[in-house]
Each structure stands twice: as structure tokens, then as C-alpha cells.
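Undergrad: The following block contains the structure, expressed as C-alpha cells.
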Protein chains: 2
Amino acid sequence: MSVVSVAQKADERDGDLAARMQAIGAAARAAAAKLALATTEAKNAALIAMAAALRNSGDAILAANAEDVEAARQAGRPGAFVDRLTLTPARIEAMAKGLEDIAALPDPVGEVMASWTRPNGLVVERVRVPLGVVGMIYESRPNVTADAGGLCLKAGNTIILRGGSEAIASNRAIHAALVAGLRQAGLDEAAIQLVGSTDREAVGMMLAGLDGAIDVIVPRGGKSLVARVQSEARVPVFAHLDGICHVYIHEAADLEMAKAIAVNAKMRRTGICGAAETLLVDKACAATHLGPIIAALIDAGCEVRGDAAAQSSDARVSPATEDDWATEYLDATIAVGTVAGLEDAMAHIARYGSRHTDAIVTEDRGAADCFLREVDSAIVLHNASTQFADGGEFGMGAEIGIATGRFHARGPVGVEQLTTFKYCVHGTGQTRPA
Amino acid sequence: MSVVSVAQKADERDGDLAARMQAIGAAARAAAAKLALATTEAKNAALIAMAAALRNSGDAILAANAEDVEAARQAGRPGAFVDRLTLTPARIEAMAKGLEDIAALPDPVGEVMASWTRPNGLVVERVRVPLGVVGMIYESRPNVTADAGGLCLKAGNTIILRGGSEAIASNRAIHAALVAGLRQAGLDEAAIQLVGSTDREAVGMMLAGLDGAIDVIVPRGGKSLVARVQSEARVPVFAHLDGICHVYIHEAADLEMAKAIAVNAKMRRTGICGAAETLLVDKACAATHLGPIIAALIDAGCEVRGDAAAQSSDARVSPATEDDWATEYLDATIAVGTVAGLEDAMAHIARYGSRHTDAIVTEDRGAADCFLREVDSAIVLHNASTQFADGGEFGMGAEIGIATGRFHARGPVGVEQLTTFKYCVHGTGQTRPA
């Protein structure tokens, strides 16, 4: 009997949530020790088999998802929520393709990251190893089940998935396909576990670490979820709370480039964390740049709230309040302010930003270097859109999230960031002198 | 007026600990933003000037230390405690030399750790930056004041030092020399702050992060201190609780090498975290190896507690209890057990070890590779003493401690491990396609 079915059996038998969660944690920990030693071939075979299983069980997944969607509609959930919840054949295909893409990534585990020889002949190697057990806490997007499961598997980690209660039928159907893939590749089915309970207390237990079974928590969802996780978690968390990203148009910016980057950074997709929320325009180029950039944003369908200079440059600009500089709209709205040069722009970003992603547009390399060096954000860009803040766009393959913490993983969290390392020291009998 | 003296003034004025600690945190955070941009030359000049100031104020430091030592004696502190507390001209010289050694290390800040170009022409760089503010909580060794202050400065971090109350006069005298060095190099004196209060509540405030001012806590001291820090800290911690290190003598071990490594691993210095606490001897070589290795340990002055096989190989071996396998003696005592092969040895280490440092002695490269791959410790060694678990021995220069956590820093924590990174992205006007 597999560990998963032991946990499920406990579930049916006594309904004691703490005991069930503890069983899930213990199974994840035991599976992690084995998965850390799994071959690249076995992990990739599982990922390919999972993709096939997702495609083969497309009808069952869509049927399960229809239940969730119907219940969400009945409950009067907003349209955006229902949209995130809804699966289509194309979305299922995207999940399957995503798993195949992860299979094609290099295996980070076992990589010798650095190696050096000491004067006494000791050879010191820093070798990449898995982190251990990841606890994933997310809301209504069922595709996270497949994406996070696949990424963790590739990095040799086991994962405990706790999705939103509104997506439970969809998540169960997707999880079944993932488990089928694990089984086909001969890997422990407890490598990817789904918490069956929709009890909110289960989240609290995961945040406490399940008796040391969970090494890291990754939250994916709205700000209130991330804030709860960051304040309650007793284990490390990979997350970002806000993405108040800035585009600063320096006085030496090319106007056409500035317009294109400002519009793309704000409007390409307004709901992602890398979307720009504030545009800062240097006073030195406001006369030539401010009006045209604001007009381009408004033409693209964006509401603009601005300071006095922005308002006087275009009558359609409404006044920005102090709150606007600290707001992540995640919508087609932007705050536009003028600043008195590079130092002033960086001071504004330090004060109101969330240390996620910030960009400067300029033809002045010295100003760009200063901005990239001094702005203390996970990602800083010169002459490029903030919407590039993404593991895929960085060339890391998929990402499990973006972190604004300073430890371990900063910026996009891909397979490599889901590992740690150990030191392997090769000797020939060396002892340490007194 | 410098921020330090603002904090000290608050100290004298109202004696409100929380306000004083908050002022220290705010000063550390403000100084960190500036120190992150300090040049290598300025940081090195400060380190060299600190070393000179330590040497020049040797008499004052010794006089202050004599006060602490006298008070500790009066309080009936044990000899080992008084020894750790006592400074000598040689120990002051070692601190000064340590700071000069740190000055000679490469500056990690600004290093481009990786760089790649995307198909769209974006150049992505991963650049090393300081962590921010380090909170150091330690006990009676005054040299930690200089060592930790110097390491953090080199990595561009500011530090808040909270040493044991028994060393407060010594720490104040050493801290004055460090501040003199900062001043001479034109760096903010708040880069290295010493908590003047010996109130234990100050430690609790640091563990809570001083309103977000502290990025990481590094504890140095006994197990009860580290345990308190690990359980109460609301910010990341670089630490190890136990160092239950194993030496496993595989059946294919060379006997002379096994004896030399076992004796060195246990007896070179028994009080350090990398000292071996348990010796595992393979049953397959017990007949030839067990007796001679035990005799060598006993000849070196070690007390041996063993399982039945160990006891029957030497009459001087006392029985080991279950507790012995889980004990970090930090003394001239070792537990010796026999195991039924490599798998059994690794299972013993997984069960009783502390994931710090473990070694295998064998001429069989395959067995060594298996041990190094499968033993999940920060440091694993083949044919070398566990006493090499040290940043200096690894070639990292000095270390602020050894971490057994899986995140960010694992193993010795040197200047490089006291940094994080950010992504600098260089574009030519790229926008992200829909």
C-alpha cells in the first residue's frame, strides 16, 4: 500500500485533520529522501507521462472543472474569478506542454556549482541538491497544480499542494493525472500530494511546517493570502506581497522608446505582478515627453492619475493622491509623477516601491548604470519593459513564483532556485593540524 | 551628530529600551543603504584602520577585559567560561590580523555571478549585492565583536552586535576601535553598532527583527542560546544547533588512515562543532580495525563508550546507551558502534546526525561516492577529518558561523554567503509581446 493511500485511509477513517496532515507531511518527507536520488531519466519520464495522462484524461478534467465553475457561479463569484478557474482544452494542452518543457530543462540536481583544491590537496566541491519538501498554497487557478508539481519534481523536491476549495474537483482530476505519471515512471506517488481537505485549518498546519516536514512555503494568489502566509509561516517563504513596479523616463530617454515601454509595461497584461503601476517622468524632459506618453497610455485604454505637471499636460488626467503612489492597481490605471532627476526618481522608488521590478529608460549609459546599481529591487531593467519580470522570459523555463525576499531565491523562482547545495570534500587522508 | 550618538543620547535620556533598540535598527538600515554602495577601497581602508586601532588601544582593551574577567571570577563562572572571556596581547593581535585578512579577501559585492543573452537581445546579469542588516547575538567571546564586524563590513552589510553581558566592557573597548576605523575611512559609524544594554529583552526585540530593520540573525554560543534564537526568531537565522558529526570506517578503509582521521576528528579540538562525536566501524573490518582505532583514541586521552562489539574489542570501553548516539559531547568522549555496511551506516547518520558534517574513510571510490551523494549533511568528506568543517580551511577566509539550514547559506558562512543578488537586465527598447 502506498503512503498516499495510507493518508487517504486515515482521512476516511477518523476525519482527524491534524492526523491526516501529519501523515501527508511524513509521507512527503519520506518520499523526498528517495526522490533526491532519483535519476534524471526517471524524473523526465514521469513528466512526459504526466503530460500524456493530462491529455488522455482531458474529458474527466473538464467535467470536474465544470462542477467547480458551476458552484462558483452559483456562489456569485466575480467574472475574473470564474475565468481564472475555468479550464478549456487549450488550457489543458498548455499544462501538458508546460510539463514537457520542464522535462526538457537541464536537471539541476548533482551539478557541481564550484570546485577548488586547497593547498593541502583537499578538493572542495559545492554540489546542487534538492531543497526537500515544498508546501504550495494557492487559490483558484487549477493549472498551478500541474505547473508547481512538475517544477518541484524536476528539482527533486516533493510537494504538498493545497489549492483553493473552489477548485477542489479540478485539482483532484489534475492531481490524478500527475500521480499516474509518477506511477508509470516508478516514482513514489507521495512525491506530489494534494491536500483533500478544504478546511482552512489545513493551511495553518502547513504554515507551522507540519512538524518539520515542510522546508519552504510558496503562496500563489491574492495579497491577503500572501500576507497571511508571510505573517504566520514558521518556515521560509518564497513570495512577493506587492509588485509596485516603476518605469522612470530619464531626461535622456528616446521618446518613441519611452512611449512603447511605458505602454507595454502597463498595458500588455495589467493583472501580473510585473505590470508597471507608476510612471516617473524627469522634469528635464517633461515638456517634450510627458504629454505624448500620457496620450499613448490613454489611447491604449489606461486611466491616468497624475501630479500637477501631469494634469496640466493633458486634461484627461485626474489628480493622484498620496495613496496612488503606494497602490498596486493590477488594472488599467497608472499613477504618473514628475521627478527632479535621477536621485529624486530613486528616492521615490525606495519610498513607495516594493523591491520587485523597476525600469529606467535612457540613452545615457552612466545614468542607467547608476539606476541599476542603486535601486534595491530583485529586478532592475534598462530600456526594457517591466513585463519581462518572468522566469520564462529570463530563460529559466517555468517559474513557481517571484520572490522579493533577500534570501536564497530572489526574482523568478525556477527549478534551479528550488535547490540548495552541499559541500563534498575529497581527501587522501588529510588531518587538520593543531 | 552621527546616528550612533543619537541612539546613545536616547539611551541616556529616557532609558526606554524599545525606543533605543528602534533607533539602533533605523540607524543600521539607513547606514546599510549607503554601505551597499561603498567602494572596495573604502571598506578595506576601514578594516586596516580598525586593525591599527585595535593594536593602538591594546592597553585600554586589556584593562576593560580585566574588569569583565574579575567580575566573572567573582560570580563563580567556570574556568572554561573565564578562558573564553579572557583577552591577551596575542588574542588582540589575532583579532587585528583577522581584520587585515578580511581586507585581503576579494570584495563579493558587484560580482557578476552569471550573465546570459536572450533571443530578443536582452542581457540578463545576476549581480551580487549585500544582504542588508545582520543581527549578531553571542555570548562571552569578545573576539566575535571584531570578527563579525569585519566580515559584515566587507560584504557591505551593517551589523548590530549584542554580546553577552559578562563581556560588555571588553566589547565596548573593541567596538570603539572598530568605530575609529570606520570614521577614519569616512564610512558611517552606524555600520557597526553595539547594543549597550545588557537587558535580555533587547535580544527578544532583535529576534522580532526591530520593525523590519534586521534581515538575518546569526547566533554564536551555546546550544540553549541557539535553540532560543531558532525558536523565537521572526527573521532568517544562519546557525547550527548541534554538530553530531560521524566518522564511518568502511570495510575498505586503510587502517593507518582510519586511525589518524578518527583521532584527529575527535581529539584535535574537542569543543568545536566539527569535532566527531560518533565513530561507526563496519562489521566487515571490525576484526582488524576496531581494536586498534579504539586503542589509538584511548591512548590520545579519549573516553570510549561502545556497543557490544566495541566493548569486547577493548576492556576499557564502557557501554554506550541510546542517548550516547544522540549526544554532542564537545569533550574527550566518543561513542563507537559497529554497522552492517554502508547502508546501515547512512541510516544511523540519518537517524542520529545533525546534518552538519560527516566523513567516510575508505579506499573504495564507489562506496565514497555513494556516501557523499546520499548523506544529507551540509559537509560530507571522504578520507579527511571532520575538523576541516571551517570557512578558513575551505579557503573562504574567515567565517561568521556554520549553518545547517538548507536555505541561502549552508556550511561555513563567509563574506560571499553574507550577500544576496539581484538581476540587472540591459535592453535596447524591448517590449514583451502579448
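Here's how to read the names in the C-alpha cells: chain A, B, ... by the order shown, residue numbers from 1 in each chain, ligand numbers from 1 in the order shown.
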List the spatial neighbours of range 336-339 of chain A as a PyMOL selection string - criterion: any atom at most 7 Å away, only C-alpha atoms, same-chain residues fewer than 2 positions off excluded.
TA: chain A and resi 278-283+304-307+309-310+334+341+344-345
Undergrad: With all Cα atoms paired residue by residue, do a least-squares superposition of chain A on chain B and hand back the transformed coordinates as a compact mmCIF listing (two decimals) with C-alpha atoms, in the first residue's frame.
TA:
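Dumped everything to part_4.txt:
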# COMPACT_ATOMS: atom_id res chain seq x y z
CA MET A 1 25.72 64.41 15.01
CA SER A 2 26.07 60.81 13.91
CA VAL A 3 23.20 58.36 14.17
CA VAL A 4 25.10 56.37 16.77
CA SER A 5 25.29 59.30 19.09
CA VAL A 6 21.60 59.98 18.52
CA ALA A 7 20.91 56.44 19.69
CA GLN A 8 23.26 56.84 22.62
CA LYS A 9 21.65 60.11 23.55
CA ALA A 10 18.23 58.47 23.58
CA ASP A 11 19.80 55.81 25.78
CA GLU A 12 20.92 58.33 28.38
CA ARG A 13 17.80 60.44 28.18
CA ASP A 14 14.91 58.17 28.80
CA GLY A 15 16.19 54.67 29.24
CA ASP A 16 13.32 53.32 27.15
CA LEU A 17 14.79 50.10 25.79
CA ALA A 18 12.28 49.72 22.95
CA ALA A 19 12.96 53.25 21.72
CA ARG A 20 16.71 52.76 21.95
CA MET A 21 16.59 49.47 20.06
CA GLN A 22 14.34 51.01 17.42
CA ALA A 23 16.83 53.86 16.98
CA ILE A 24 19.64 51.34 16.57
CA GLY A 25 17.60 49.45 13.95
CA ALA A 26 16.74 52.58 12.01
CA ALA A 27 20.36 53.74 12.05
CA ALA A 28 21.53 50.31 10.84
CA ARG A 29 19.00 50.33 8.01
CA ALA A 30 19.94 53.84 6.90
CA ALA A 31 23.65 53.01 7.06
CA ALA A 32 23.08 49.80 5.07
CA ALA A 33 21.72 51.71 2.08
CA LYS A 34 24.92 53.77 1.99
CA LEU A 35 27.32 50.94 2.80
CA ALA A 36 25.91 48.85 -0.06
CA LEU A 37 27.39 51.46 -2.41
CA ALA A 38 30.72 51.94 -0.60
CA THR A 39 33.84 51.27 -2.65
CA THR A 40 36.08 48.28 -2.01
CA GLU A 41 38.87 50.75 -1.23
CA ALA A 42 36.87 52.49 1.51
CA LYS A 43 35.83 49.19 3.10
CA ASN A 44 39.38 47.84 3.04
CA ALA A 45 40.79 51.10 4.40
CA ALA A 46 38.34 50.86 7.30
CA LEU A 47 39.37 47.25 8.01
CA ILE A 48 43.08 48.17 8.02
CA ALA A 49 42.40 51.20 10.23
CA MET A 50 40.37 49.04 12.62
CA ALA A 51 43.28 46.62 12.93
CA ALA A 52 45.61 49.50 13.73
CA ALA A 53 43.15 50.93 16.24
CA LEU A 54 42.86 47.54 17.97
CA ARG A 55 46.65 47.37 18.30
CA ASN A 56 46.89 50.98 19.47
CA SER A 57 44.24 50.55 22.10
CA GLY A 58 45.55 47.21 23.31
CA ASP A 59 46.11 48.48 26.86
CA ALA A 60 42.62 49.95 27.14
CA ILE A 61 41.09 46.73 25.79
CA LEU A 62 43.07 44.58 28.23
CA ALA A 63 42.07 46.86 31.13
CA ALA A 64 38.40 46.64 30.18
CA ASN A 65 38.71 42.89 29.78
CA ALA A 66 40.31 42.59 33.22
CA GLU A 67 37.13 44.12 34.70
CA ASP A 68 34.97 41.55 32.92
CA VAL A 69 37.23 38.67 33.92
CA GLU A 70 37.31 39.79 37.56
CA ALA A 71 33.51 40.06 37.66
CA ALA A 72 33.15 36.61 36.07
CA ARG A 73 35.53 35.11 38.66
CA GLN A 74 33.62 36.81 41.48
CA ALA A 75 30.41 35.38 40.05
CA GLY A 76 31.95 31.92 40.22
CA ARG A 77 31.86 31.27 36.47
CA PRO A 78 33.57 28.03 35.39
CA GLY A 79 37.14 28.03 34.13
CA ALA A 80 36.25 27.32 30.50
CA PHE A 81 33.92 30.34 30.53
CA VAL A 82 36.60 32.59 32.00
CA ASP A 83 39.07 31.29 29.44
CA ARG A 84 36.78 32.16 26.53
CA LEU A 85 36.29 35.61 28.02
CA THR A 86 39.95 36.36 28.67
CA LEU A 87 41.90 38.49 26.18
CA THR A 88 45.68 38.52 25.91
CA PRO A 89 48.02 40.58 23.71
CA ALA A 90 48.20 37.54 21.41
CA ARG A 91 44.41 37.33 21.14
CA ILE A 92 44.19 41.06 20.36
CA GLU A 93 46.87 40.63 17.70
CA ALA A 94 44.86 37.70 16.26
CA MET A 95 41.78 39.93 16.00
CA ALA A 96 43.79 42.66 14.24
CA LYS A 97 45.35 40.12 11.88
CA GLY A 98 41.90 38.69 11.20
CA LEU A 99 40.64 42.10 10.06
CA GLU A 100 43.65 42.48 7.77
CA ASP A 101 42.95 39.03 6.33
CA ILE A 102 39.37 40.08 5.62
CA ALA A 103 40.66 43.22 3.88
CA ALA A 104 42.74 40.96 1.62
CA LEU A 105 39.72 38.89 0.52
CA PRO A 106 38.07 39.74 -2.81
CA ASP A 107 35.06 42.05 -2.47
CA PRO A 108 31.97 39.97 -3.32
CA VAL A 109 29.73 43.01 -3.92
CA GLY A 110 29.14 43.85 -7.59
CA GLU A 111 30.44 40.50 -8.85
CA VAL A 112 28.52 39.37 -11.94
CA MET A 113 27.73 35.81 -10.89
CA ALA A 114 26.17 34.87 -14.21
CA SER A 115 25.22 36.60 -17.44
CA TRP A 116 23.35 35.46 -20.50
CA THR A 117 21.70 36.92 -23.61
CA ARG A 118 18.11 36.12 -24.55
CA PRO A 119 16.99 35.56 -28.14
CA ASN A 120 15.35 39.04 -28.10
CA GLY A 121 18.72 40.63 -27.25
CA LEU A 122 18.06 41.27 -23.54
CA VAL A 123 21.22 40.74 -21.49
CA VAL A 124 20.40 39.32 -18.06
CA GLU A 125 23.02 39.65 -15.31
CA ARG A 126 22.85 38.16 -11.83
CA VAL A 127 24.83 40.58 -9.67
CA ARG A 128 25.94 40.08 -6.06
CA VAL A 129 24.64 42.69 -3.58
CA PRO A 130 24.78 42.90 0.22
CA LEU A 131 22.13 41.21 2.36
CA GLY A 132 21.42 44.33 4.41
CA VAL A 133 21.45 44.34 8.22
CA VAL A 134 22.86 41.43 10.26
CA GLY A 135 21.89 40.94 13.91
CA MET A 136 24.64 39.11 15.80
CA ILE A 137 23.76 37.54 19.15
CA TYR A 138 26.67 35.96 20.99
CA GLU A 139 27.94 35.00 24.39
CA SER A 140 31.25 35.50 26.11
CA ARG A 141 33.88 35.53 23.34
CA PRO A 142 34.86 39.19 22.79
CA ASN A 143 36.77 38.38 19.58
CA VAL A 144 33.41 37.78 17.85
CA THR A 145 32.89 41.56 18.05
CA ALA A 146 35.82 42.20 15.71
CA ASP A 147 35.44 39.10 13.52
CA ALA A 148 31.72 39.54 12.82
CA GLY A 149 32.03 43.31 12.44
CA GLY A 150 34.80 42.92 9.87
CA LEU A 151 33.10 40.18 7.84
CA CYS A 152 29.82 42.06 7.62
CA LEU A 153 31.55 45.27 6.61
CA LYS A 154 33.43 43.53 3.79
CA ALA A 155 30.15 42.11 2.43
CA GLY A 156 28.58 45.59 2.55
CA ASN A 157 26.25 44.77 5.43
CA THR A 158 25.74 46.73 8.59
CA ILE A 159 25.68 44.82 11.86
CA ILE A 160 24.02 45.13 15.23
CA LEU A 161 26.15 43.35 17.83
CA ARG A 162 24.63 42.05 21.02
CA GLY A 163 27.28 40.26 23.06
CA GLY A 164 26.94 38.62 26.45
CA SER A 165 26.58 40.90 29.46
CA GLU A 166 29.69 39.33 31.01
CA ALA A 167 31.85 40.71 28.17
CA ILE A 168 30.28 44.15 27.94
CA ALA A 169 33.36 46.18 28.99
CA SER A 170 35.61 44.22 26.60
CA ASN A 171 33.09 44.54 23.77
CA ARG A 172 32.77 48.30 24.29
CA ALA A 173 36.53 48.74 24.11
CA ILE A 174 36.83 46.62 20.95
CA HIS A 175 33.81 48.32 19.39
CA ALA A 176 35.41 51.72 19.99
CA ALA A 177 38.41 50.61 17.92
CA LEU A 178 36.14 49.40 15.10
CA VAL A 179 34.25 52.69 15.06
CA ALA A 180 37.54 54.59 14.96
CA GLY A 181 38.41 52.61 11.83
CA LEU A 182 35.06 53.38 10.18
CA ARG A 183 35.48 57.07 10.98
CA GLN A 184 38.99 57.15 9.57
CA ALA A 185 37.78 55.65 6.28
CA GLY A 186 34.86 58.08 6.08
CA LEU A 187 32.22 55.39 6.52
CA ASP A 188 29.06 55.73 8.59
CA GLU A 189 29.75 54.85 12.21
CA ALA A 190 26.35 53.15 12.40
CA ALA A 191 27.70 50.43 10.10
CA ILE A 192 28.83 48.55 13.24
CA GLN A 193 26.69 49.17 16.31
CA LEU A 194 26.99 47.56 19.72
CA VAL A 195 23.86 47.22 21.84
CA GLY A 196 24.89 48.93 25.06
CA SER A 197 22.07 47.43 27.09
CA THR A 198 22.66 44.08 28.78
CA ASP A 199 18.91 43.68 29.19
CA ARG A 200 17.83 40.26 27.93
CA GLU A 201 14.74 41.87 26.44
CA ALA A 202 16.99 43.48 23.83
CA VAL A 203 17.63 40.02 22.40
CA GLY A 204 13.91 39.38 22.06
CA MET A 205 13.49 42.65 20.18
CA MET A 206 16.29 41.71 17.79
CA LEU A 207 14.71 38.29 17.21
CA ALA A 208 11.48 40.07 16.26
CA GLY A 209 13.50 41.97 13.65
CA LEU A 210 13.41 45.52 15.09
CA ASP A 211 10.46 46.57 12.93
CA GLY A 212 11.88 45.05 9.78
CA ALA A 213 15.32 46.57 10.28
CA ILE A 214 17.15 43.23 10.68
CA ASP A 215 17.45 40.92 7.66
CA VAL A 216 19.19 37.94 9.30
CA ILE A 217 20.19 36.81 12.78
CA VAL A 218 23.44 34.98 13.43
CA PRO A 219 23.72 33.40 16.89
CA ARG A 220 27.08 32.27 18.27
CA GLY A 221 27.22 30.45 21.57
CA GLY A 222 25.87 27.49 23.47
CA LYS A 223 23.03 25.25 22.47
CA SER A 224 20.44 26.97 24.66
CA LEU A 225 21.16 30.34 23.01
CA VAL A 226 20.91 28.87 19.50
CA ALA A 227 17.73 26.97 20.38
CA ARG A 228 16.11 30.15 21.72
CA VAL A 229 17.09 32.07 18.60
CA GLN A 230 15.81 29.36 16.25
CA SER A 231 12.49 29.06 18.03
CA GLU A 232 11.80 32.77 18.55
CA ALA A 233 13.31 34.51 15.53
CA ARG A 234 10.86 36.07 13.07
CA VAL A 235 13.64 36.68 10.54
CA PRO A 236 15.97 34.18 8.84
CA VAL A 237 18.72 32.65 11.00
CA PHE A 238 22.14 31.32 9.97
CA ALA A 239 23.01 28.73 12.60
CA HIS A 240 23.51 25.17 13.60
CA LEU A 241 22.07 23.72 16.75
CA ASP A 242 24.16 20.56 17.03
CA GLY A 243 27.27 19.20 15.46
CA ILE A 244 26.84 15.47 15.95
CA CYS A 245 29.47 14.57 13.37
CA HIS A 246 30.23 10.99 12.34
CA VAL A 247 33.32 9.22 11.07
CA TYR A 248 32.43 6.00 9.30
CA ILE A 249 35.22 3.46 8.80
CA HIS A 250 34.18 1.48 5.74
CA GLU A 251 35.34 -2.09 5.26
CA ALA A 252 37.84 -0.94 2.61
CA ALA A 253 39.45 1.66 4.88
CA ASP A 254 43.21 1.86 5.24
CA LEU A 255 43.84 1.17 8.94
CA GLU A 256 46.55 3.78 9.50
CA MET A 257 44.49 6.46 7.74
CA ALA A 258 41.40 5.44 9.71
CA LYS A 259 43.28 5.75 13.02
CA ALA A 260 44.75 9.13 12.11
CA ILE A 261 41.43 10.56 10.91
CA ALA A 262 39.43 9.18 13.85
CA VAL A 263 41.86 10.58 16.41
CA ASN A 264 42.15 13.96 14.66
CA ALA A 265 38.40 14.27 14.06
CA LYS A 266 37.69 13.66 17.74
CA MET A 267 40.71 14.99 19.62
CA ARG A 268 42.35 17.89 17.71
CA ARG A 269 39.91 20.26 19.40
CA THR A 270 37.00 18.63 21.19
CA GLY A 271 34.95 21.79 21.73
CA ILE A 272 34.27 22.79 18.11
CA CYS A 273 31.17 21.92 16.13
CA GLY A 274 33.13 19.91 13.55
CA ALA A 275 34.57 17.55 16.18
CA ALA A 276 33.47 13.94 15.67
CA GLU A 277 31.08 12.60 18.30
CA THR A 278 30.39 9.13 16.91
CA LEU A 279 32.66 6.60 15.23
CA LEU A 280 30.99 3.90 13.13
CA VAL A 281 33.11 0.89 12.19
CA ASP A 282 31.99 -1.57 9.56
CA LYS A 283 31.48 -5.10 10.92
CA ALA A 284 33.37 -6.39 7.89
CA CYS A 285 36.61 -4.81 9.13
CA ALA A 286 35.89 -4.81 12.87
CA ALA A 287 38.22 -7.74 13.54
CA THR A 288 41.21 -5.83 12.18
CA HIS A 289 40.26 -2.15 12.65
CA LEU A 290 38.04 -1.74 15.70
CA GLY A 291 40.58 -2.59 18.42
CA PRO A 292 43.48 -0.52 17.05
CA ILE A 293 41.31 2.57 16.42
CA ILE A 294 39.79 2.40 19.91
CA ALA A 295 43.26 1.95 21.41
CA ALA A 296 44.53 4.99 19.48
CA LEU A 297 41.62 7.08 20.77
CA ILE A 298 42.15 5.96 24.37
CA ASP A 299 45.91 6.58 24.07
CA ALA A 300 45.10 10.11 22.91
CA GLY A 301 43.13 10.66 26.14
CA CYS A 302 39.61 9.93 24.89
CA GLU A 303 36.89 8.15 26.86
CA VAL A 304 35.22 5.54 24.65
CA ARG A 305 31.64 4.35 25.06
CA GLY A 306 30.69 1.54 22.75
CA ASP A 307 28.27 -1.15 21.65
CA ALA A 308 28.86 -4.84 22.49
CA ALA A 309 31.43 -5.30 19.73
CA ALA A 310 33.40 -2.23 20.81
CA GLN A 311 33.30 -3.33 24.44
CA SER A 312 34.58 -6.80 23.63
CA SER A 313 37.41 -5.39 21.52
CA ASP A 314 38.85 -3.38 24.42
CA ALA A 315 38.14 -3.78 28.13
CA ARG A 316 38.47 -0.02 28.70
CA VAL A 317 35.34 0.70 26.65
CA SER A 318 32.26 1.47 28.76
CA PRO A 319 28.75 0.67 27.51
CA ALA A 320 27.04 3.21 25.25
CA THR A 321 23.35 3.90 25.90
CA GLU A 322 20.80 5.02 23.33
CA ASP A 323 21.45 8.61 24.46
CA ASP A 324 25.11 8.43 23.51
CA TRP A 325 24.29 8.18 19.80
CA ALA A 326 22.42 11.49 20.02
CA THR A 327 24.89 13.36 22.23
CA GLU A 328 27.23 16.15 21.21
CA TYR A 329 29.88 15.70 23.91
CA LEU A 330 32.07 18.66 22.90
CA ASP A 331 34.57 16.88 25.11
CA ALA A 332 37.11 14.02 25.01
CA THR A 333 34.42 11.34 24.82
CA ILE A 334 33.25 9.37 21.79
CA ALA A 335 30.54 6.84 21.06
CA VAL A 336 31.72 3.86 18.98
CA GLY A 337 29.33 1.53 17.19
CA THR A 338 29.58 -1.19 14.57
CA VAL A 339 27.36 -1.17 11.49
CA ALA A 340 26.45 -3.78 8.91
CA GLY A 341 27.75 -1.98 5.85
CA LEU A 342 27.36 1.34 4.03
CA GLU A 343 23.54 1.43 4.03
CA ASP A 344 23.42 0.76 7.75
CA ALA A 345 26.00 3.50 8.41
CA MET A 346 24.00 6.02 6.37
CA ALA A 347 20.78 5.01 8.13
CA HIS A 348 22.48 5.58 11.53
CA ILE A 349 23.68 9.02 10.40
CA ALA A 350 20.23 9.96 9.06
CA ARG A 351 18.67 8.92 12.36
CA TYR A 352 21.08 10.42 14.90
CA GLY A 353 23.08 13.02 12.96
CA SER A 354 22.53 16.75 12.85
CA ARG A 355 23.19 17.23 9.12
CA HIS A 356 26.34 19.19 9.89
CA THR A 357 29.48 17.24 8.86
CA ASP A 358 30.07 13.54 8.29
CA ALA A 359 33.02 11.59 6.89
CA ILE A 360 33.73 8.20 5.34
CA VAL A 361 37.15 6.56 5.35
CA THR A 362 37.59 4.06 2.52
CA GLU A 363 39.80 3.11 -0.40
CA ASP A 364 36.65 2.15 -2.35
CA ARG A 365 35.76 5.10 -4.56
CA GLY A 366 32.29 3.73 -5.33
CA ALA A 367 31.40 3.50 -1.65
CA ALA A 368 32.75 7.02 -1.08
CA ASP A 369 30.71 8.44 -3.98
CA CYS A 370 27.57 6.79 -2.63
CA PHE A 371 28.19 8.18 0.87
CA LEU A 372 28.89 11.71 -0.42
CA ARG A 373 25.80 11.63 -2.59
CA GLU A 374 23.34 10.14 -0.12
CA VAL A 375 24.30 11.60 3.25
CA ASP A 376 22.21 14.75 3.55
CA SER A 377 24.61 16.95 5.53
CA ALA A 378 25.99 20.41 4.83
CA ILE A 379 29.49 18.93 4.56
CA VAL A 380 30.40 15.36 3.62
CA LEU A 381 34.03 14.25 3.43
CA HIS A 382 35.93 11.31 1.99
CA ASN A 383 39.22 10.37 3.65
CA ALA A 384 39.56 13.61 5.60
CA SER A 385 38.92 14.76 9.15
CA THR A 386 35.60 16.34 10.13
CA GLN A 387 37.64 19.08 11.81
CA PHE A 388 38.05 20.64 8.33
CA ALA A 389 34.46 21.95 8.68
CA ASP A 390 35.60 25.55 8.80
CA GLY A 391 35.42 28.56 6.48
CA GLY A 392 39.15 29.21 6.79
CA GLU A 393 40.00 25.59 5.93
CA PHE A 394 37.61 25.77 2.98
CA GLY A 395 39.52 28.78 1.67
CA MET A 396 36.71 31.25 2.27
CA GLY A 397 38.77 33.41 4.61
CA ALA A 398 37.03 33.86 7.93
CA GLU A 399 33.52 32.65 8.75
CA ILE A 400 30.77 34.15 10.85
CA GLY A 401 29.43 30.67 11.66
CA ILE A 402 28.35 27.38 10.16
CA ALA A 403 24.77 26.87 9.00
CA THR A 404 22.86 23.60 8.88
CA GLY A 405 19.69 25.19 7.48
CA ARG A 406 19.00 24.41 3.84
CA PHE A 407 18.40 27.99 2.72
CA HIS A 408 20.74 30.55 1.26
CA ALA A 409 23.87 29.70 3.22
CA ARG A 410 24.72 26.09 4.08
CA GLY A 411 28.01 25.07 5.68
CA PRO A 412 30.58 27.76 6.50
CA VAL A 413 29.16 31.31 6.26
CA GLY A 414 31.83 33.66 4.90
CA VAL A 415 31.68 37.01 3.12
CA GLU A 416 30.17 35.52 -0.03
CA GLN A 417 27.37 33.84 1.95
CA LEU A 418 26.62 37.21 3.58
CA THR A 419 25.42 38.54 0.21
CA THR A 420 22.37 38.08 -1.99
CA PHE A 421 21.92 39.06 -5.64
CA LYS A 422 19.70 40.99 -7.97
CA TYR A 423 19.02 40.79 -11.70
CA CYS A 424 20.21 43.65 -13.90
CA VAL A 425 18.62 43.50 -17.35
CA HIS A 426 20.11 45.51 -20.20
CA GLY A 427 17.80 46.23 -23.13
CA THR A 428 17.61 48.34 -26.26
CA GLY A 429 13.91 49.14 -26.10
CA GLN A 430 12.46 45.62 -25.89
CA THR A 431 8.77 45.27 -25.09
CA ARG A 432 7.13 41.96 -24.29
CA PRO A 433 4.89 40.54 -27.02
CA ALA A 434 1.35 39.68 -26.04
